Amino acid sequence: MDVPELHSALEPIAFLLGRWEGAGVGGYPTIESFNFGQEIVFGHNGKPFLTYESRTWLLDKEGNKVRPLGTETGFWRALPERRLEVCVSHPTGIVEIYVGEVVFHKIELQTDVVARTATAKEYTAGHRLYGLVNGNLMWAYDMAAMGEPLQSHLSAELKKVE
């Protein structure tokens, strides 16, 4: 199948396209700190949005995969004036809508809406920061959950995989 031409609205976030792999660290007051591996894939079909899929796995002290952790999928919609809307869905019963903006190779997003199923854990807000630094995708995620205020939860450095 031929790869469609990138929609012009996606030019500000085109640097995200492709497959990224790397490792990061996680922690929160309600859990023990941990190391994780991650793969993120951004794609497109010629329309004014990117497809997004992320999967993570727990790493032991030697960097070996132990077990799957979180996964999320969604869509990144580029809007005029370098604004973004991002829809993210989790198999744990949480759906998030983020709004934000892109400035050069830096993206900052904050939750506008969080919806949860009756069985999902309490989660009320998120803030995500993505940036391209020396060719690597760096990101950090703050969350408010389980009665805790918005604070650091995850961060990672990912390298583009050809």
# chains A, B, ... in the order shown; residues from 1 in each chain; ligands from 1

$ residues_around --residues "Arg83 of chain A" --least-positions-apart "6" --cutoff "9 Å" --atoms "only C-alpha atoms" --output "list in words"
Arg77, Val99, Gly100, Glu101 and Val102 of chain A

$ residues_around --residues "Lys61 of chain A" --least-positions-apart "6" --cutoff "12 Å" --atoms "only C-alpha atoms" --output "count of residues only"
6

$ residues_around --residues "Thr30 of chain A" --least-positions-apart "4" --cutoff "10 Å" --atoms "only C-alpha atoms" --output "ChimeraX atom specification"
/A:145-148

$ residues_around --residues "segment 104-118 of chain A" --least-positions-apart "3" --cutoff "6 Å" --atoms "only C-alpha atoms" --output "ChimeraX atom specification"
/A:93-101,125-132

$ select_by_dssp --residues "chain A" --states "strand (DSSP E)" --output "ChimeraX atom specification"
/A:18-28,31-43,49-59,65-78,83-90,94-103,106-116,123-133,136-145,151-161

$ write_last_selection --atoms "C-alpha atoms" --output "mmCIF file, in the first residue's frame"
data_model
loop_
_atom_site.group_PDB
_atom_site.id
_atom_site.type_symbol
_atom_site.label_atom_id
_atom_site.label_comp_id
_atom_site.auth_asym_id
_atom_site.auth_seq_id
_atom_site.Cartn_x
_atom_site.Cartn_y
_atom_site.Cartn_z
ATOM 1 C CA GLY A 18 7.595 6.832 13.268
ATOM 2 C CA ARG A 19 8.455 4.245 15.877
ATOM 3 C CA TRP A 20 10.258 5.251 19.066
ATOM 4 C CA GLU A 21 11.777 2.938 21.688
ATOM 5 C CA GLY A 22 13.537 3.556 24.965
ATOM 6 C CA ALA A 23 13.321 3.481 28.725
ATOM 7 C CA GLY A 24 12.079 5.614 31.565
ATOM 8 C CA VAL A 25 11.358 5.896 35.250
ATOM 9 C CA GLY A 26 8.103 6.002 37.165
ATOM 10 C CA GLY A 27 6.953 6.768 40.656
ATOM 11 C CA TYR A 28 4.053 8.157 42.653
ATOM 12 C CA ILE A 31 3.394 3.034 44.436
ATOM 13 C CA GLU A 32 7.052 1.990 44.511
ATOM 14 C CA SER A 33 9.405 3.617 41.986
ATOM 15 C CA PHE A 34 10.194 1.534 38.899
ATOM 16 C CA ASN A 35 11.999 1.438 35.547
ATOM 17 C CA PHE A 36 10.116 0.719 32.341
ATOM 18 C CA GLY A 37 10.666 0.144 28.650
ATOM 19 C CA GLN A 38 8.437 1.775 26.065
ATOM 20 C CA GLU A 39 7.510 1.719 22.414
ATOM 21 C CA ILE A 40 5.491 4.566 20.849
ATOM 22 C CA VAL A 41 4.280 4.535 17.246
ATOM 23 C CA PHE A 42 2.912 7.643 15.523
ATOM 24 C CA GLY A 43 1.365 7.149 12.076
ATOM 25 C CA PHE A 49 -4.537 13.632 12.631
ATOM 26 C CA LEU A 50 -1.818 11.273 13.796
ATOM 27 C CA THR A 51 -2.565 7.801 15.100
ATOM 28 C CA TYR A 52 -0.865 7.032 18.410
ATOM 29 C CA GLU A 53 -0.063 3.808 20.226
ATOM 30 C CA SER A 54 2.087 3.370 23.313
ATOM 31 C CA ARG A 55 2.964 0.229 25.224
ATOM 32 C CA THR A 56 5.192 -0.152 28.252
ATOM 33 C CA TRP A 57 6.717 -2.985 30.236
ATOM 34 C CA LEU A 58 8.393 -3.296 33.624
ATOM 35 C CA LEU A 59 12.192 -3.611 33.527
ATOM 36 C CA LYS A 65 11.528 -7.181 30.417
ATOM 37 C CA VAL A 66 9.569 -8.491 33.409
ATOM 38 C CA ARG A 67 5.886 -8.009 32.455
ATOM 39 C CA PRO A 68 3.583 -5.675 30.508
ATOM 40 C CA LEU A 69 2.551 -2.394 32.139
ATOM 41 C CA GLY A 70 0.332 0.266 30.592
ATOM 42 C CA THR A 71 -0.885 0.661 27.045
ATOM 43 C CA GLU A 72 -2.785 3.508 25.428
ATOM 44 C CA THR A 73 -4.025 4.414 21.983
ATOM 45 C CA GLY A 74 -5.411 7.552 20.479
ATOM 46 C CA PHE A 75 -5.368 10.357 17.969
ATOM 47 C CA TRP A 76 -3.451 13.631 17.833
ATOM 48 C CA ARG A 77 -5.395 16.350 15.967
ATOM 49 C CA ALA A 78 -3.535 19.396 14.706
ATOM 50 C CA ARG A 83 -2.858 24.095 18.821
ATOM 51 C CA LEU A 84 -3.512 20.397 19.452
ATOM 52 C CA GLU A 85 -6.313 18.154 20.638
ATOM 53 C CA VAL A 86 -5.317 14.665 21.748
ATOM 54 C CA CYS A 87 -7.723 11.815 22.536
ATOM 55 C CA VAL A 88 -6.205 8.922 24.535
ATOM 56 C CA SER A 89 -7.937 5.706 25.587
ATOM 57 C CA HIS A 90 -6.716 3.201 28.187
ATOM 58 C CA ILE A 94 -10.046 5.813 31.367
ATOM 59 C CA VAL A 95 -10.403 8.164 28.403
ATOM 60 C CA GLU A 96 -8.607 11.516 28.313
ATOM 61 C CA ILE A 97 -8.948 14.565 26.075
ATOM 62 C CA TYR A 98 -5.905 16.814 26.150
ATOM 63 C CA VAL A 99 -5.535 20.310 24.727
ATOM 64 C CA GLY A 100 -2.277 22.094 24.167
ATOM 65 C CA GLU A 101 0.147 23.569 21.730
ATOM 66 C CA VAL A 102 3.326 22.860 19.844
ATOM 67 C CA VAL A 103 6.200 25.350 19.797
ATOM 68 C CA LYS A 106 8.100 21.068 22.165
ATOM 69 C CA ILE A 107 4.543 19.965 22.898
ATOM 70 C CA GLU A 108 2.691 20.765 26.107
ATOM 71 C CA LEU A 109 -0.688 19.177 26.834
ATOM 72 C CA GLN A 110 -3.124 19.307 29.751
ATOM 73 C CA THR A 111 -6.318 17.349 30.279
ATOM 74 C CA ASP A 112 -9.533 19.106 29.332
ATOM 75 C CA VAL A 113 -11.747 16.087 30.037
ATOM 76 C CA VAL A 114 -11.195 12.829 31.935
ATOM 77 C CA ALA A 115 -13.877 10.130 31.777
ATOM 78 C CA ARG A 116 -13.784 6.911 33.804
ATOM 79 C CA TYR A 123 -7.790 9.728 38.116
ATOM 80 C CA THR A 124 -8.648 13.418 37.734
ATOM 81 C CA ALA A 125 -6.012 15.241 35.640
ATOM 82 C CA GLY A 126 -2.879 14.897 33.561
ATOM 83 C CA HIS A 127 -0.153 17.101 32.108
ATOM 84 C CA ARG A 128 2.226 15.886 29.383
ATOM 85 C CA LEU A 129 5.352 17.468 27.970
ATOM 86 C CA TYR A 130 7.047 16.098 24.834
ATOM 87 C CA GLY A 131 10.197 17.412 23.205
ATOM 88 C CA LEU A 132 12.708 16.503 20.552
ATOM 89 C CA VAL A 133 16.170 16.811 22.125
ATOM 90 C CA ASN A 136 15.536 11.788 20.843
ATOM 91 C CA LEU A 137 11.918 12.050 21.995
ATOM 92 C CA MET A 138 11.857 13.056 25.645
ATOM 93 C CA TRP A 139 8.580 13.153 27.558
ATOM 94 C CA ALA A 140 7.266 13.650 31.071
ATOM 95 C CA TYR A 141 3.837 12.960 32.513
ATOM 96 C CA ASP A 142 2.324 14.445 35.673
ATOM 97 C CA MET A 143 -0.956 13.123 37.059
ATOM 98 C CA ALA A 144 -3.503 13.728 39.775
ATOM 99 C CA ALA A 145 -4.931 10.423 41.020
ATOM 100 C CA GLN A 151 2.681 15.682 40.366
ATOM 101 C CA SER A 152 5.398 13.804 38.495
ATOM 102 C CA HIS A 153 4.582 10.208 37.571
ATOM 103 C CA LEU A 154 6.521 9.084 34.464
ATOM 104 C CA SER A 155 9.330 10.260 32.183
ATOM 105 C CA ALA A 156 11.301 8.605 29.389
ATOM 106 C CA GLU A 157 13.822 9.082 26.623
ATOM 107 C CA LEU A 158 13.077 7.333 23.337
ATOM 108 C CA LYS A 159 15.184 6.870 20.209
ATOM 109 C CA LYS A 160 13.691 6.708 16.723
ATOM 110 C CA VAL A 161 13.782 3.211 15.242
#

$ atom_distance --atom1 "atom CA of Arg82 of chain A" --atom2 "atom CA of Gly135 of chain A"
20.9 Å

$ atom_distance --atom1 "atom CA of Thr92 of chain A" --atom2 "atom CA of Glu122 of chain A"
10.9 Å

$ atom_distance --atom1 "atom CA of Leu16 of chain A" --atom2 "atom CA of Val3 of chain A"
16.2 Å
